[in-house]
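Asker: One structure follows; several queries about it will come next.
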Amino acid sequence: MIFYNQPKEEVLKALHTTAEGGLTAAQVETLTQQYGPNKLKEKKKKGNIERFFDQFKDVMILILIAAAAVSFVIACVERNPREFFEPLLILLIVILNAVMGVLQESKAEKALDALKSMSALHARVLRDGKEEVIDASLLVPGDIIHLEAGDFIPADARLIHSVSLKSEESALTGESVPSEKDAASEIAENAPLGDRSNMVFSGCSITYGTATAVVTATGMDTEMGKIANLLDSENETQTPLQKKLAQLGKYLGIVALAACAVIFVVGILNHIPVMEIFMTSVSLAVSAIPEGLPAIVTIVLSIGVQRMVKRNALIRRLPAVETLGGASVICSDKTGTLTQNRMTLVKAYTDGAGNLEDISTTNTEEVKRLLAYSTLCCDGSVRFEGGEEKHIGDPTETAIVLAAHKNGLPKDDLEKQYPRLAELPFDSDRKLMSTINRIDGKNIVIVKGAFDVMATRCIAGDLETAKIMTEKMSENALRVLAVGYKEIDTLPAIPTSEELENGLNFMGLVGMIDPPRPEAKEAVSVCRKAGIKPVMITGDHVVTASAIAKELGILEKGDHAITGAELDAMTDAELDEAVASISVYARVSPENKIRIVKAWQRRGQVVSMTGDGVNDAPALKAADIGCAMGITGTDVAKGAADMTLTDDNFATIVEAVREGRGIYANIKKVVGFLLGTNIGEVITVFIAMLLWHKTPLLSMQLLWINLVTDSMPAIALGMEAVEKDVMDKAPKPKEEGIFANGLGIRVFLQGVMFAILTLIGFKVGEAATGVLEGGQTLAFMVLALCQVVQAYNMRSEHSLFTIGIFSNSKLNGAALISTALVAMVLFTPLSGIFGLITLPAYLYLLGLGLILIPFVVMEVSKAIRLIGHRRNAV
C-alpha cells in the first residue's frame, strides 16, 4: 500500500490499528516477529578470530615470527633441544601477546557498545489505549506515536493529526529549509519524497509543532533504510589524544628500529651468533614500540565513561572526555540546572488590581479567571495517582495547572468546557504560546509569555503598573509570565503569530518561584576554586536571574548581568573585551548563545554550554563541550551534544569535569609508565652492546617482560581513583600537550634510571657467577620488577604514603600476577628454557634492593617538588 496518497482512515485500517487505542500487546508481539527490531543493519563486527590475526599485521611481529620459524627449522636440523625450545617459546609469547590484544580490543568495544545503548532513541507510543515511552527499536508498523518540536523521528510514519508541523529532512532530501507538514494533505501517487507532506521519515527531526502519526515502516524498510548502504560510512574514529599517541608510537618505533639496527651490527661484528642477535634485536623492537598504547587509552577512556554514567553524565563521544578535563568556562541554563525546576505559583496580579495576591485554595474570582485562562494555554498536566502528584510536561506550565486545580479548576474539566480549537506552540524565538478556545460561545485567543514580549503586543490594560509588579516579583527571584487575550470572529485556516498574537487585552501576571538547587552553590564554589568561570544564561528577567546568581555565588562584586538586547547591541570586539566580566545573560536567544561561546573561544578558553531546545543545537555544537538536558532536553539537543546530563543538574557538569580531569591524568600516568619502561629496555640493550658487546637480555626474556608488565599494570593504573585535589588545579591550557610540565623529560630520565639499575644488575650478576647467564638473570629480574614498582610510583604526584600504597586494588591484583609470572620464570624449571640460572641468595637480595631504588627516587622527587603540581593563582 502507498500510504501517502491514501486517506488516513484507510491507512489505519490497513495497518489494523486505531488512533484512539493503538496496537494491542498481542499485535505488537506478532509484528515484532514479522518485522524484527526497528534498527538499520550495522557493519559486520570483527570476530575474535579476525581480531587475533589482526594482531600479527605489524611488520616487526611478522619478522619476529619468521625469524623464530627459521630458528626452529635450524634447531630441528641440528637436533639441539636448547635451540629447539627458544623459537617455540617466542611463538608462544607472541601468541599470548596477541590474546591480550584481543581481550583489550573486546573490552573497549563492549564499553563503546554499552555507551551506544545508553544513548539510544526513545519514542512516545500509544498501546492498549495507554501512552508510554519505549526504546525506539521496539516500534512496529501500526504503532501510534506522538511527536513534538525537538524529537527525532524514530520510524517512517503517516500523519494522523498535526499542528503547525515542520520537519528537518536534509539527511534524506538535501533540502536545508525545514519542510512544512500537514496531515490533511492530498498527495499524488508519483510525488517525490520531498513533496510527501503528510509523511514523516526516520532519521529526520521535528523542528516545530506537534503531531500524532501511525508508523508505516521500520528498520531497513524505511526510506533511510533503503539508502543505508550508501550511508554506511561510519569508520572507527580515534580521539585526538589517540591520534597523537599513535603518531608518537611511530616516532618511537623509528628510534627503536635504528637502535636495534645498531645493536644487530655491533653483535655481528663481535661474533654473536647471527640468529641470536637478530632475534634479540627484533624482540627489542617489538617490546619497545608501544603499539598497544592507543588501545589501552581507549579502555581507560571507556572505563571513565562508565564511571561518569554512575554520576549522571552520559558521554556520547570519547573525545569529549579529553576536552572535559580542560573546561575553563561553564555556561549553564538557570531553570532546572542551577535551580530545582520545581515551579510553585506563589503570586498573581490581575489588571486593575492594586496589589499582588498570594496563591491559595480560595483566590478571588479575578485570579481564578486568570488561572483558568492560563491553564487553557498550557500543554503540561498534573495527574494524581495514589495521593501523589505526577507532573507531566514543562514545570512552568504544571505549576499553573496545579494552582488552578487547587482553586477547583481541574484542567480536564476546563478543556471539556472550553475546548481548544487551534494553537501556536511555544518557541524560544517568539517566547510565546497561544491557543484558541471556545469560551461561552466565542472564539477566544489566549496568549501567555514573557511580560516584555507581551507588553508590545497588548493594546489594552495598565501596562505601567504591570511593569512595576513584574519588577517587584523579579527582585524576589520569581519567574513571571504575562497572560493576554482577544476575541476573534472566525477561526483562521492557518494560525499565524501576526494574526493571533497582536492587539491583545492584558489580563494579568503569574509569578512562580524555582528555588536554587542546594548542591549548586557548592558546585559553583568548586568551579571557582578550580579556575573555572561559571556563567548563567537564562530566558528569565534580568532581575530574577541576578537575584539567584548572587545567591549561588555566580554574580560577584565586579561582575555584570546583561540582557540579550544589550548583547545584540554589542559588536564582537566589544563582547570580546567585556565577556570575562559578564556572569549573567538574561532574556537570551539561541543565537546569543553562539556569540557567547565564540567570544570565550577567541580568548583561548575551553567552553561548556548547556541547552535543551531545538534551537540550542548550533550552540551545543559550537561549544567545546555541549551538554544537553536529559530530562527536559529534546532529541535534537541530545544529538548535537557531547554529553547528556541525566539529572539536568549543574553539579553534575562540575562532577563530570572532575572525572574528565581524573581520566586525563590517568592517561598521562599510563603513557608515562609505558614509555618510561620501554625506553629503559632500549637503553639497557643498546648501552650493553656498545660498551661490552654482550646482550644483557635474550629475545624471549624481553618478550616476557613486555607481556608481564605492559598490559595488566597499565590498565589497572588507568583505573586509578580521581585524586582529591584534582579540582584545586587550574584547567590545562587548550593547546597543552600530554608531555607538558616536564613529563617528557621525567619519562626519559626514568627510562635512563631503569637502564642504569638493570646494567648494574647485569654486570654484578655476571661478575659474581662468572657466566653471562648470571648477568642476564639478575638483569631480567631487576628490569621486570622495576617496572612493576614503577606502576605504583606513577599513581600520583603525591607521596604513596599520603594516598595509601595499596589503595588501588586493581593494581595490587595486576602487580601480584606480574610478580608471580616473573617468579615462575626465575624459580621453576622454566628458568632453563628462558636461559636463566639460579643465583646465590645475596644476589636476589641485591636485586631486590635495586628494584626498590625507583620507589625511593620517586618519593624523594615528590618530596622536594621535582615532580610538581599546577595550582590556581587563587
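Identifiers in this document derive from the order of the C-alpha cells: chains are assigned A, B, ..., residues are numbered from 1 separately in each chain, and ligands are numbered from 1 in order of occurrence.
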Which of segment 317-358 of chain A counts as strand (DSSP E) under DSSP, as a tab-separated table (two decimals) with N, CA and C atoms, in the first residue's frame please?

Answerer:
chain	number	residue	atom	x	y	z
A	329	VAL	N	35.36	27.41	31.20
A	329	VAL	CA	34.14	28.22	31.32
A	329	VAL	C	32.95	27.27	31.23
A	330	ILE	N	32.02	27.37	32.18
A	330	ILE	CA	30.78	26.59	32.12
A	330	ILE	C	29.61	27.55	32.01
A	331	CYS	N	28.97	27.56	30.84
A	331	CYS	CA	27.79	28.39	30.62
A	331	CYS	C	26.56	27.52	30.86
A	332	SER	N	25.78	27.86	31.86
A	332	SER	CA	24.68	26.99	32.27
A	332	SER	C	23.33	27.70	32.21
A	333	ASP	N	22.31	26.95	31.76
A	333	ASP	CA	20.94	27.43	31.90
A	333	ASP	C	20.62	27.56	33.38
A	344	THR	N	6.58	26.56	41.68
A	344	THR	CA	5.39	26.70	42.51
A	344	THR	C	4.84	28.10	42.31
A	345	LEU	N	3.57	28.20	41.90
A	345	LEU	CA	2.93	29.50	41.70
A	345	LEU	C	2.65	30.12	43.07
A	346	VAL	N	3.17	31.31	43.28
A	346	VAL	CA	3.01	31.93	44.61
A	346	VAL	C	2.32	33.29	44.57
A	347	LYS	N	2.37	33.97	43.43
A	347	LYS	CA	1.79	35.31	43.33
A	347	LYS	C	0.99	35.46	42.03
A	348	ALA	N	0.00	36.32	42.08
A	348	ALA	CA	-0.76	36.63	40.88
A	348	ALA	C	-1.15	38.11	40.92
A	349	TYR	N	-1.29	38.69	39.74
A	349	TYR	CA	-1.73	40.08	39.62
A	349	TYR	C	-2.70	40.16	38.45
A	350	THR	N	-3.86	40.74	38.69
A	350	THR	CA	-4.83	40.93	37.62
A	350	THR	C	-4.92	42.40	37.26
A	357	GLU	N	-1.52	39.27	44.68
A	357	GLU	CA	-2.33	38.37	45.51
A	357	GLU	C	-1.60	37.05	45.67
A	358	ASP	N	-1.53	36.55	46.91
A	358	ASP	CA	-0.91	35.25	47.17
A	358	ASP	C	-1.79	34.14	46.60

Asker: Could you list, as a ChimeraX atom specification, every residue within 10 Å of segment 136-140 of chain A, counting only C-alpha atoms and ignoring same-chain residues fewer than 4 positions away?

Answerer: /A:23,27-40,120-125,144-145,153-155,214-219

Asker: Looking at only C-alpha atoms, which of A:Ala580, A:Ala561, A:Ile833, A:Met507 is the one that sits closest to Gly604 of chain A?

Answerer: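 Ranking A:Ala580, A:Ala561, A:Ile833, A:Met507 by distance to Gly604 of chain A, first place goes to A:Ala580.
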
Asker: Env of segment 314-318 of chain A: 6 Å cut, atoms = only C-alpha atoms, seq-sep filter 4 positions within chain, self excluded. Answer as a ChimeraX atom specification.

Answerer: /A:309,642-644

Asker: Which residues are close to segment 761-766 of chain A, i.e. within 12 Å by only C-alpha atoms, leaving aside same-chain residues fewer than 5 positions away? Reply as JSON, numbers by chain.

Answerer: {"A": [684, 685, 687, 688, 691, 692, 694, 695, 696, 697, 754, 755, 756, 771, 772, 773, 774, 775, 776, 777, 778, 779, 780, 781, 782, 783, 784, 786, 836, 837, 838, 839, 840, 841, 842, 843, 844, 845, 846, 847, 848, 849, 850, 851]}

Asker: Residues of the last selection are to be written out with C-alpha atoms, as an mmCIF file, in the first residue's frame.

Answerer:
data_model
loop_
_atom_site.group_PDB
_atom_site.id
_atom_site.type_symbol
_atom_site.label_atom_id
_atom_site.label_comp_id
_atom_site.auth_asym_id
_atom_site.auth_seq_id
_atom_site.Cartn_x
_atom_site.Cartn_y
_atom_site.Cartn_z
ATOM 1 C CA THR A 684 69.681 -1.175 28.524
ATOM 2 C CA VAL A 685 70.362 -3.356 25.485
ATOM 3 C CA ILE A 687 74.388 0.550 26.054
ATOM 4 C CA ALA A 688 75.362 -3.031 26.919
ATOM 5 C CA LEU A 691 80.132 -0.947 25.949
ATOM 6 C CA TRP A 692 80.539 -4.685 26.439
ATOM 7 C CA LYS A 694 77.091 -8.529 25.024
ATOM 8 C CA THR A 695 73.323 -8.815 25.063
ATOM 9 C CA PRO A 696 72.024 -8.365 28.637
ATOM 10 C CA LEU A 697 68.619 -9.831 27.745
ATOM 11 C CA PHE A 754 65.784 1.694 34.793
ATOM 12 C CA ALA A 755 68.612 1.147 32.313
ATOM 13 C CA ILE A 756 71.318 2.040 34.855
ATOM 14 C CA VAL A 771 78.856 -16.603 33.401
ATOM 15 C CA LEU A 772 76.832 -14.417 31.017
ATOM 16 C CA GLU A 773 73.610 -16.167 32.063
ATOM 17 C CA GLY A 774 74.104 -14.959 35.658
ATOM 18 C CA GLY A 775 74.163 -11.350 34.492
ATOM 19 C CA GLN A 776 71.149 -11.889 32.248
ATOM 20 C CA THR A 777 69.189 -13.497 35.118
ATOM 21 C CA LEU A 778 69.740 -10.575 37.502
ATOM 22 C CA ALA A 779 69.128 -8.048 34.695
ATOM 23 C CA PHE A 780 65.854 -9.807 33.831
ATOM 24 C CA MET A 781 64.687 -9.757 37.463
ATOM 25 C CA VAL A 782 65.626 -6.102 38.014
ATOM 26 C CA LEU A 783 64.119 -4.753 34.786
ATOM 27 C CA ALA A 784 60.876 -6.732 35.065
ATOM 28 C CA CYS A 786 61.362 -2.322 38.465
ATOM 29 C CA LEU A 836 68.212 -18.142 33.241
ATOM 30 C CA ILE A 837 70.156 -19.743 36.090
ATOM 31 C CA THR A 838 69.764 -20.000 39.869
ATOM 32 C CA LEU A 839 71.642 -17.215 41.668
ATOM 33 C CA PRO A 840 73.147 -17.057 45.149
ATOM 34 C CA ALA A 841 70.675 -15.709 47.737
ATOM 35 C CA TYR A 842 72.621 -12.465 48.261
ATOM 36 C CA LEU A 843 72.245 -11.602 44.564
ATOM 37 C CA TYR A 844 68.470 -11.894 44.844
ATOM 38 C CA LEU A 845 68.633 -9.560 47.854
ATOM 39 C CA LEU A 846 70.823 -7.163 45.860
ATOM 40 C CA GLY A 847 68.295 -7.346 43.020
ATOM 41 C CA LEU A 848 65.509 -6.542 45.475
ATOM 42 C CA GLY A 849 67.456 -3.501 46.624
ATOM 43 C CA LEU A 850 67.940 -2.316 43.032
ATOM 44 C CA ILE A 851 64.210 -2.878 42.352
#

Asker: Can you tell me, as a PyMOL selection string, what residues are no more than 7 Å from segment 443-452 of chain A when counting only C-alpha atoms, ignoring any on the same chain fewer than 6 positions away?

Answerer: chain A and resi 373+377+431-437+480-489+500-501

Asker: Write the residues you've just listed into a file as a PDB file, in the first residue's frame, and include C-alpha atoms for each of them.

Answerer:
ATOM      1  CA  TYR A 373      -7.191  31.144  31.014  1.00  0.00           C
ATOM      2  CA  CYS A 377      -2.986  27.855  27.282  1.00  0.00           C
ATOM      3  CA  LYS A 431       8.833  33.385  23.667  1.00  0.00           C
ATOM      4  CA  LEU A 432       5.049  32.987  23.433  1.00  0.00           C
ATOM      5  CA  MET A 433       2.402  30.266  23.273  1.00  0.00           C
ATOM      6  CA  SER A 434      -1.146  30.786  22.021  1.00  0.00           C
ATOM      7  CA  THR A 435      -4.353  28.781  21.883  1.00  0.00           C
ATOM      8  CA  ILE A 436      -7.835  29.443  20.522  1.00  0.00           C
ATOM      9  CA  ASN A 437     -10.594  28.157  22.805  1.00  0.00           C
ATOM     10  CA  VAL A 480       6.924  35.993  35.816  1.00  0.00           C
ATOM     11  CA  LEU A 481       4.574  35.164  32.936  1.00  0.00           C
ATOM     12  CA  ALA A 482       2.025  37.535  31.434  1.00  0.00           C
ATOM     13  CA  VAL A 483      -1.361  36.487  30.058  1.00  0.00           C
ATOM     14  CA  GLY A 484      -3.386  38.287  27.382  1.00  0.00           C
ATOM     15  CA  TYR A 485      -6.443  37.537  25.282  1.00  0.00           C
ATOM     16  CA  LYS A 486      -8.687  38.763  22.492  1.00  0.00           C
ATOM     17  CA  GLU A 487     -11.845  37.690  20.730  1.00  0.00           C
ATOM     18  CA  ILE A 488     -11.869  36.758  17.027  1.00  0.00           C
ATOM     19  CA  ASP A 489     -14.842  36.224  14.760  1.00  0.00           C
ATOM     20  CA  LEU A 500      -3.230  35.910  16.736  1.00  0.00           C
ATOM     21  CA  GLU A 501      -0.537  37.455  18.924  1.00  0.00           C
TER      22      GLU A 501
END

Asker: Excluding segment 613-621 of chain A and its own-chain neighbours fewer than 4 positions away, which residues fall within 10 Å of it when counting only C-alpha atoms? Please give them as number ranges by chain.

Answerer: A: 149-151, 205-208, 427-429, 589-598, 608-609, 625-629, 632-643
